[in-house]
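Below is input09.cif, which holds mmCIF, C-alpha atoms and all ligand atoms.
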```cif
data_target
#
loop_
_atom_site.label_atom_id
_atom_site.label_comp_id
_atom_site.auth_asym_id
_atom_site.auth_seq_id
_atom_site.Cartn_x
_atom_site.Cartn_y
_atom_site.Cartn_z
CA MET A 1154 -9.80 -96.74 -39.96
CA GLU A 1155 -7.31 -98.18 -37.51
CA ASN A 1156 -5.87 -95.43 -35.33
CA SER A 1157 -3.68 -97.42 -32.96
CA VAL A 1158 -0.82 -96.79 -35.41
CA TYR A 1159 -0.33 -93.35 -33.84
CA GLU A 1160 1.12 -92.37 -30.51
CA ALA A 1161 0.61 -88.73 -29.49
CA VAL A 1162 3.02 -87.42 -26.85
CA GLU A 1163 2.76 -83.96 -25.28
CA ILE A 1164 6.12 -82.16 -25.61
CA GLY A 1165 5.17 -78.79 -24.15
CA ARG A 1166 2.14 -76.62 -23.57
CA GLY A 1167 -0.07 -76.97 -26.64
CA SER A 1168 2.56 -79.08 -28.45
CA TRP A 1169 2.53 -82.73 -29.38
CA ARG A 1170 4.61 -85.14 -31.41
CA ILE A 1171 2.54 -87.75 -33.20
CA GLU A 1172 4.62 -90.87 -33.78
CA ASP A 1173 3.73 -93.02 -36.79
CA ASN A 1174 5.97 -96.09 -37.07
CA GLY A 1175 9.29 -94.30 -37.44
CA VAL A 1176 8.12 -90.97 -38.76
CA ARG A 1177 6.85 -88.09 -36.65
CA ALA A 1178 4.24 -85.40 -37.25
CA LEU A 1179 4.02 -82.38 -34.95
CA LEU A 1180 1.02 -80.43 -33.70
CA PHE A 1181 1.12 -76.93 -32.19
CA ALA A 1182 -1.98 -75.21 -30.80
CA GLY A 1183 -2.09 -71.41 -30.70
CA SER A 1184 -4.94 -69.23 -29.47
CA GLU A 1185 -6.70 -69.13 -32.88
CA LYS A 1186 -5.42 -72.03 -34.96
CA ALA A 1187 -3.48 -75.24 -34.75
CA LEU A 1188 -0.50 -76.05 -36.96
CA LEU A 1189 -0.02 -79.64 -38.08
CA VAL A 1190 3.42 -80.35 -39.51
CA ASP A 1191 3.31 -83.41 -41.82
CA THR A 1192 0.80 -86.27 -41.90
CA GLY A 1193 2.88 -89.46 -41.65
CA PHE A 1194 2.43 -92.59 -43.76
CA GLY A 1195 -1.35 -92.31 -43.99
CA ASN A 1196 -2.14 -95.77 -42.60
CA GLY A 1197 -4.77 -94.41 -40.20
CA ASP A 1198 -6.84 -91.29 -39.65
CA ILE A 1199 -4.38 -88.70 -38.35
CA ARG A 1200 -7.07 -86.02 -38.60
CA GLN A 1201 -9.08 -87.85 -35.94
CA VAL A 1202 -5.98 -87.95 -33.73
CA VAL A 1203 -5.47 -84.20 -34.20
CA GLU A 1204 -9.12 -83.43 -33.48
CA GLY A 1205 -8.84 -85.45 -30.28
CA LEU A 1206 -6.08 -83.08 -29.13
CA THR A 1207 -7.45 -79.68 -30.21
CA ASP A 1208 -10.76 -78.10 -31.30
CA LEU A 1209 -8.98 -75.33 -33.25
CA PRO A 1210 -9.08 -75.11 -37.06
CA VAL A 1211 -6.00 -76.88 -38.40
CA THR A 1212 -3.46 -75.51 -40.89
CA LEU A 1213 -1.45 -78.27 -42.55
CA VAL A 1214 2.18 -77.65 -43.49
CA ASN A 1215 4.48 -80.24 -45.08
CA THR A 1216 8.22 -79.99 -44.42
CA HIS A 1217 8.61 -81.70 -47.83
CA ALA A 1218 6.60 -84.03 -50.07
CA ASP A 1219 8.14 -87.47 -49.40
CA GLY A 1220 5.42 -90.10 -48.90
CA ASP A 1221 6.15 -90.67 -45.21
CA HIS A 1222 5.30 -87.01 -44.57
CA THR A 1223 2.25 -86.54 -46.81
CA GLY A 1224 0.40 -89.87 -46.43
CA GLY A 1225 -2.55 -88.34 -44.57
CA ASN A 1226 -2.79 -85.11 -46.58
CA ALA A 1227 -6.03 -86.15 -48.30
CA LEU A 1228 -7.79 -85.80 -44.92
CA PHE A 1229 -7.19 -82.02 -45.04
CA ASP A 1230 -8.42 -79.37 -47.48
CA VAL A 1231 -5.13 -77.69 -48.36
CA ALA A 1232 -1.48 -78.64 -47.89
CA HIS A 1233 0.99 -75.77 -47.53
CA MET A 1234 4.46 -76.49 -48.84
CA HIS A 1235 7.29 -74.94 -50.83
CA PRO A 1236 6.40 -74.83 -54.56
CA SER A 1237 9.61 -76.72 -55.42
CA GLU A 1238 7.80 -79.78 -53.99
CA PHE A 1239 4.65 -79.47 -56.09
CA SER A 1240 5.64 -81.57 -59.13
CA PHE A 1241 6.91 -84.45 -57.00
CA TYR A 1242 3.89 -84.20 -54.69
CA PHE A 1243 1.36 -84.44 -57.51
CA LYS A 1244 2.96 -87.62 -58.86
CA SER A 1245 1.40 -89.47 -55.92
CA ALA A 1246 -1.16 -87.10 -54.37
CA ALA A 1247 -4.84 -88.05 -54.34
CA PRO A 1248 -6.81 -86.61 -57.29
CA GLY A 1249 -8.11 -83.12 -56.51
CA SER A 1250 -5.48 -82.45 -53.84
CA ARG A 1251 -4.96 -78.74 -53.21
CA VAL A 1252 -1.75 -76.99 -52.32
CA ALA A 1253 -0.78 -73.49 -51.22
CA PRO A 1254 2.72 -72.00 -51.40
CA LEU A 1255 5.06 -71.34 -48.52
CA TRP A 1256 8.11 -69.23 -49.38
CA ASP A 1257 11.31 -68.55 -47.51
CA GLY A 1258 10.60 -65.82 -44.96
CA ASP A 1259 6.84 -66.42 -44.78
CA THR A 1260 5.33 -66.47 -41.31
CA ILE A 1261 2.63 -68.80 -40.01
CA ASP A 1262 0.75 -67.13 -37.16
CA ILE A 1263 -1.53 -69.40 -35.11
CA GLY A 1264 -2.35 -66.79 -32.45
CA GLY A 1265 0.28 -66.11 -29.80
CA ARG A 1266 2.74 -68.28 -31.68
CA ARG A 1267 4.60 -67.61 -34.93
CA PHE A 1268 6.66 -69.89 -37.15
CA GLU A 1269 9.06 -68.53 -39.77
CA VAL A 1270 9.58 -70.54 -42.95
CA VAL A 1271 13.23 -71.25 -43.78
CA HIS A 1272 13.88 -72.78 -47.21
CA ILE A 1273 16.52 -75.50 -46.84
CA PRO A 1274 16.93 -77.41 -50.14
CA GLY A 1275 19.08 -80.55 -50.23
CA HIS A 1276 17.14 -83.51 -48.86
CA THR A 1277 14.50 -82.37 -51.39
CA PRO A 1278 14.42 -79.17 -53.48
CA GLY A 1279 11.61 -77.59 -51.47
CA SER A 1280 12.40 -78.79 -47.95
CA ILE A 1281 11.61 -76.21 -45.28
CA ALA A 1282 12.29 -75.71 -41.60
CA LEU A 1283 10.05 -73.75 -39.23
CA LEU A 1284 11.59 -71.45 -36.64
CA ASP A 1285 9.61 -70.51 -33.54
CA ARG A 1286 11.79 -67.76 -32.03
CA SER A 1287 9.62 -67.23 -28.92
CA ASN A 1288 9.79 -70.87 -27.87
CA ARG A 1289 13.33 -71.30 -29.31
CA ILE A 1290 12.40 -74.34 -31.40
CA LEU A 1291 13.48 -75.32 -34.91
CA VAL A 1292 11.25 -77.83 -36.73
CA ALA A 1293 13.57 -79.45 -39.27
CA GLY A 1294 11.78 -82.28 -41.10
CA ASP A 1295 14.34 -84.73 -42.51
CA SER A 1296 17.13 -82.19 -43.05
CA VAL A 1297 18.49 -82.37 -39.48
CA SER A 1298 18.49 -85.86 -38.02
CA ALA A 1299 20.55 -88.27 -35.94
CA THR A 1300 19.47 -91.00 -38.37
CA PRO A 1301 20.98 -91.26 -41.89
CA ILE A 1302 19.76 -88.41 -44.10
CA PHE A 1303 18.60 -89.70 -47.51
CA ILE A 1304 20.41 -88.00 -50.40
CA PHE A 1305 20.18 -90.60 -53.13
CA SER A 1306 17.95 -89.61 -56.02
CA GLU A 1307 18.59 -87.06 -58.74
CA VAL A 1308 16.45 -84.41 -57.03
CA ARG A 1309 18.45 -84.63 -53.79
CA SER A 1310 21.80 -82.90 -53.29
CA LEU A 1311 24.36 -83.25 -50.50
CA GLN A 1312 26.03 -80.00 -51.58
CA ALA A 1313 22.72 -78.13 -51.34
CA LEU A 1314 22.07 -79.77 -47.96
CA GLU A 1315 25.48 -78.63 -46.72
CA LEU A 1316 24.64 -75.02 -47.63
CA SER A 1317 21.20 -75.25 -46.04
CA LEU A 1318 22.67 -76.69 -42.84
CA LYS A 1319 25.15 -73.79 -42.77
CA LYS A 1320 22.19 -71.43 -43.00
CA LEU A 1321 20.53 -73.18 -40.03
CA ASP A 1322 23.81 -73.17 -38.09
CA SER A 1323 24.06 -69.39 -38.61
CA MET A 1324 20.63 -69.09 -36.95
CA LYS A 1325 21.43 -71.28 -33.95
CA GLY A 1326 21.34 -68.37 -31.51
CA ALA A 1327 17.56 -68.42 -32.09
CA PHE A 1328 16.83 -72.02 -30.99
CA ASP A 1329 17.65 -74.40 -28.15
CA GLU A 1330 16.02 -77.51 -29.58
CA VAL A 1331 15.71 -79.07 -33.03
CA TYR A 1332 12.65 -81.20 -33.73
CA PRO A 1333 13.50 -83.86 -36.36
CA ALA A 1334 10.96 -86.09 -38.12
CA HIS A 1335 12.89 -89.33 -37.55
CA GLY A 1336 14.99 -90.82 -34.76
CA PRO A 1337 16.06 -89.32 -31.42
CA PHE A 1338 14.01 -86.31 -30.27
CA PRO A 1339 14.74 -83.52 -29.63
CA LEU A 1340 18.23 -82.68 -30.92
CA GLY A 1341 20.55 -79.94 -29.66
CA PRO A 1342 21.31 -76.61 -31.36
CA ASP A 1343 24.79 -77.79 -32.41
CA THR A 1344 23.37 -80.54 -34.62
CA PRO A 1345 23.21 -78.52 -37.89
CA GLY A 1346 26.87 -77.49 -37.43
CA ASN A 1347 27.92 -81.10 -36.78
CA LEU A 1348 26.12 -82.14 -39.95
CA VAL A 1349 27.83 -79.37 -41.95
CA ARG A 1350 31.24 -80.74 -40.91
CA GLY A 1351 30.14 -84.30 -41.66
CA ALA A 1352 28.75 -83.41 -45.09
CA ARG A 1353 31.99 -81.60 -45.97
CA ARG A 1354 34.09 -84.64 -44.95
CA VAL A 1355 31.91 -86.88 -47.13
CA LEU A 1356 32.09 -84.47 -50.10
CA ASP A 1357 35.88 -84.22 -49.69
CA GLY A 1358 36.16 -88.02 -49.94
CA GLU A 1359 37.40 -88.44 -46.36
CA VAL A 1360 34.71 -90.97 -45.41
CA ASP A 1361 34.36 -94.46 -46.90
CA GLY A 1362 30.85 -95.45 -47.95
CA ARG A 1363 29.43 -98.77 -46.77
CA ASP A 1364 27.28 -100.84 -49.11
CA MET A 1365 23.68 -101.36 -48.06
CA PRO A 1366 22.29 -104.90 -47.76
CA PRO A 1367 21.48 -106.45 -51.19
CA ASP A 1368 17.72 -106.16 -50.57
CA PHE A 1369 17.96 -102.39 -50.06
CA PRO A 1370 15.94 -100.93 -52.96
CA ILE A 1371 18.11 -97.91 -53.72
CA PRO A 1372 21.67 -97.82 -55.09
CA ALA A 1373 23.35 -95.75 -52.38
CA GLN A 1374 26.03 -96.11 -49.75
CA LEU A 1375 25.96 -95.21 -46.07
CA TYR A 1376 28.52 -92.59 -45.01
CA ASP A 1377 29.08 -92.26 -41.25
CA ALA A 1378 31.11 -89.08 -40.76
CA GLY A 1379 31.05 -89.27 -36.92
CA ASP A 1380 29.45 -86.82 -34.47
CA GLY A 1381 26.04 -88.22 -35.41
CA ALA A 1382 26.37 -87.17 -39.08
CA MET A 1383 25.20 -89.97 -41.39
CA PHE A 1384 24.16 -89.71 -45.02
CA LEU A 1385 22.77 -92.28 -47.44
CA TRP A 1386 24.27 -90.95 -50.66
CA ASN A 1387 24.86 -92.05 -54.23
CA LYS A 1388 27.81 -89.72 -55.01
CA ILE A 1389 25.59 -87.64 -57.34
CA GLY A 1390 25.09 -84.02 -56.25
ZN ZN B 1401 11.09 -88.77 -43.94
#
```
For the file at hand, write its structure as structure tokens.
Amino acid sequence: MENSVYEAVEIGRGSWRIEDNGVRALLFAGSEKALLVDTGFGNGDIRQVVEGLTDLPVTLVNTHADGDHTGGNALFDVAHMHPSEFSFYFKSAAPGSRVAPLWDGDTIDIGGRRFEVVHIPGHTPGSIALLDRSNRILVAGDSVSATPIFIFSEVRSLQALELSLKKLDSMKGAFDEVYPAHGPFPLGPDTPGNLVRGARRVLDGEVDGRDMPPDFPIPAQLYDAGDGAMFLWNKIG
């Protein structure tokens, strides 16, 4: 398989971001295990990339089950994700794919490094963030981003996202950096709070939506609420 699609960049000791054409996976190496967060589009062999960076056994976690985050899952034995993602995941997952549940408050311990699971529904029903309190990092998937956050199908909800972002904002004393899966990296600890205010302005009808180009496949409008808060929304949920 072609592996030049990936670019792995070290972002700290035992930490890498793996860029895959606009989406980003993350790899963290502990003393016993490595944690891979998401597997990109699946156009190459991301497992080979990971094994080139660490010899440790790899635990795969998905922040959510959208295709740009689970494309390489078939290269791993088990994908850990919130059970609210299972039904959507199995609509497109390779036959025989195995999953394991991650619940709010669960901890992933890779040896000398722990990540707490925070359930943050909105972008998808089972979206999660991972909080590493020792290194003061929040891994946020698509739920915190400086690029437009997609909230346009019936399973996505801007009101749920607003509540989840409030939850993250209430935890901001525990992190200095937010690691998003798309766009500028990293983001500051005020980003969830800025997105809360932006989501509220959109829900209150204070922001005009802009039509997407006619070839855009999804009926949704782009709402730019300022302060880096952008949502692609269809006014449902
Ligand atoms: Zn995504």
Taking only residues of range 1206-1285 of chain A that have an atom at most 10 Å from an atom of range 1162-1178 of chain A, what is each one's shortest atom pair and its distance in Å to one decimal, using all atoms listed in the file, in chain and number order, as CSV?
```
residue,atom,partner,partner_atom,distance
A:Leu1206,CA,A:Trp1169,CA,8.6
A:Thr1207,CA,A:Gly1167,CA,8.6
A:Asn1215,CA,A:Ala1178,CA,9.4
A:Thr1216,CA,A:Ala1178,CA,9.8
A:Asp1221,CA,A:Val1176,CA,6.8
A:His1222,CA,A:Ala1178,CA,7.6
A:Thr1223,CA,A:Ala1178,CA,9.8
```
Return as a PDB file with C-alpha atoms, in the coordinates of the input every polymer residue, whether protein, DNA or RNA, with at least one atom no more than 9 Å from an atom of ligand ZN 1401 (chain B); count all atoms listed in the file.
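Produced file part02.pdb, reproduced below:
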```pdb
ATOM      1  CA  GLY A1175       9.290 -94.300 -37.440  1.00  0.00           C
ATOM      2  CA  VAL A1176       8.120 -90.970 -38.760  1.00  0.00           C
ATOM      3  CA  ARG A1177       6.850 -88.090 -36.650  1.00  0.00           C
ATOM      4  CA  GLY A1193       2.880 -89.460 -41.650  1.00  0.00           C
ATOM      5  CA  HIS A1217       8.610 -81.700 -47.830  1.00  0.00           C
ATOM      6  CA  ALA A1218       6.600 -84.030 -50.070  1.00  0.00           C
ATOM      7  CA  ASP A1219       8.140 -87.470 -49.400  1.00  0.00           C
ATOM      8  CA  GLY A1220       5.420 -90.100 -48.900  1.00  0.00           C
ATOM      9  CA  ASP A1221       6.150 -90.670 -45.210  1.00  0.00           C
ATOM     10  CA  HIS A1222       5.300 -87.010 -44.570  1.00  0.00           C
ATOM     11  CA  GLY A1294      11.780 -82.280 -41.100  1.00  0.00           C
ATOM     12  CA  ASP A1295      14.340 -84.730 -42.510  1.00  0.00           C
ATOM     13  CA  SER A1296      17.130 -82.190 -43.050  1.00  0.00           C
ATOM     14  CA  ILE A1302      19.760 -88.410 -44.100  1.00  0.00           C
ATOM     15  CA  PHE A1303      18.600 -89.700 -47.510  1.00  0.00           C
ATOM     16  CA  ALA A1334      10.960 -86.090 -38.120  1.00  0.00           C
ATOM     17  CA  HIS A1335      12.890 -89.330 -37.550  1.00  0.00           C
TER      18      HIS A1335
END
```
Cut-off 8 Å: closest range 1216-1331 of chain A/range 1353-1366 of chain A atom pairs per residue, using only C-alpha atoms, as a Markdown table:
```
| residue | atom | partner | partner_atom | distance |
| --- | --- | --- | --- | --- |
| A:Leu1311 | CA | A:Leu1356 | CA | 7.8 |
| A:Gln1312 | CA | A:Leu1356 | CA | 7.7 |
| A:Glu1315 | CA | A:Arg1353 | CA | 7.2 |
```
Item checked: Long-range neighbours of range 1368-1371 of chain A as a list in words, 12 Å cut-off, all atoms listed in the file, 5 positions minimum in chain -> Phe1303, Ile1304, Phe1305, Ser1306, Glu1307, Leu1385, Trp1386 and Asn1387 of chain A
Check: Any idea what the distance is between CA of Lys1320 in chain A and CA of Ala1373 in chain A?
Finding: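 Separation of CA of Lys1320 in chain A and CA of Ala1373 in chain A: 26.1 Å.
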Margin query: Please report the interatomic distance between CA of Leu1179 in chain A and CA of Arg1200 in chain A in Å with one decimal.
Written below: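 Interatomic distance, CA of Leu1179 in chain A to CA of Arg1200 in chain A: 12.2 Å.
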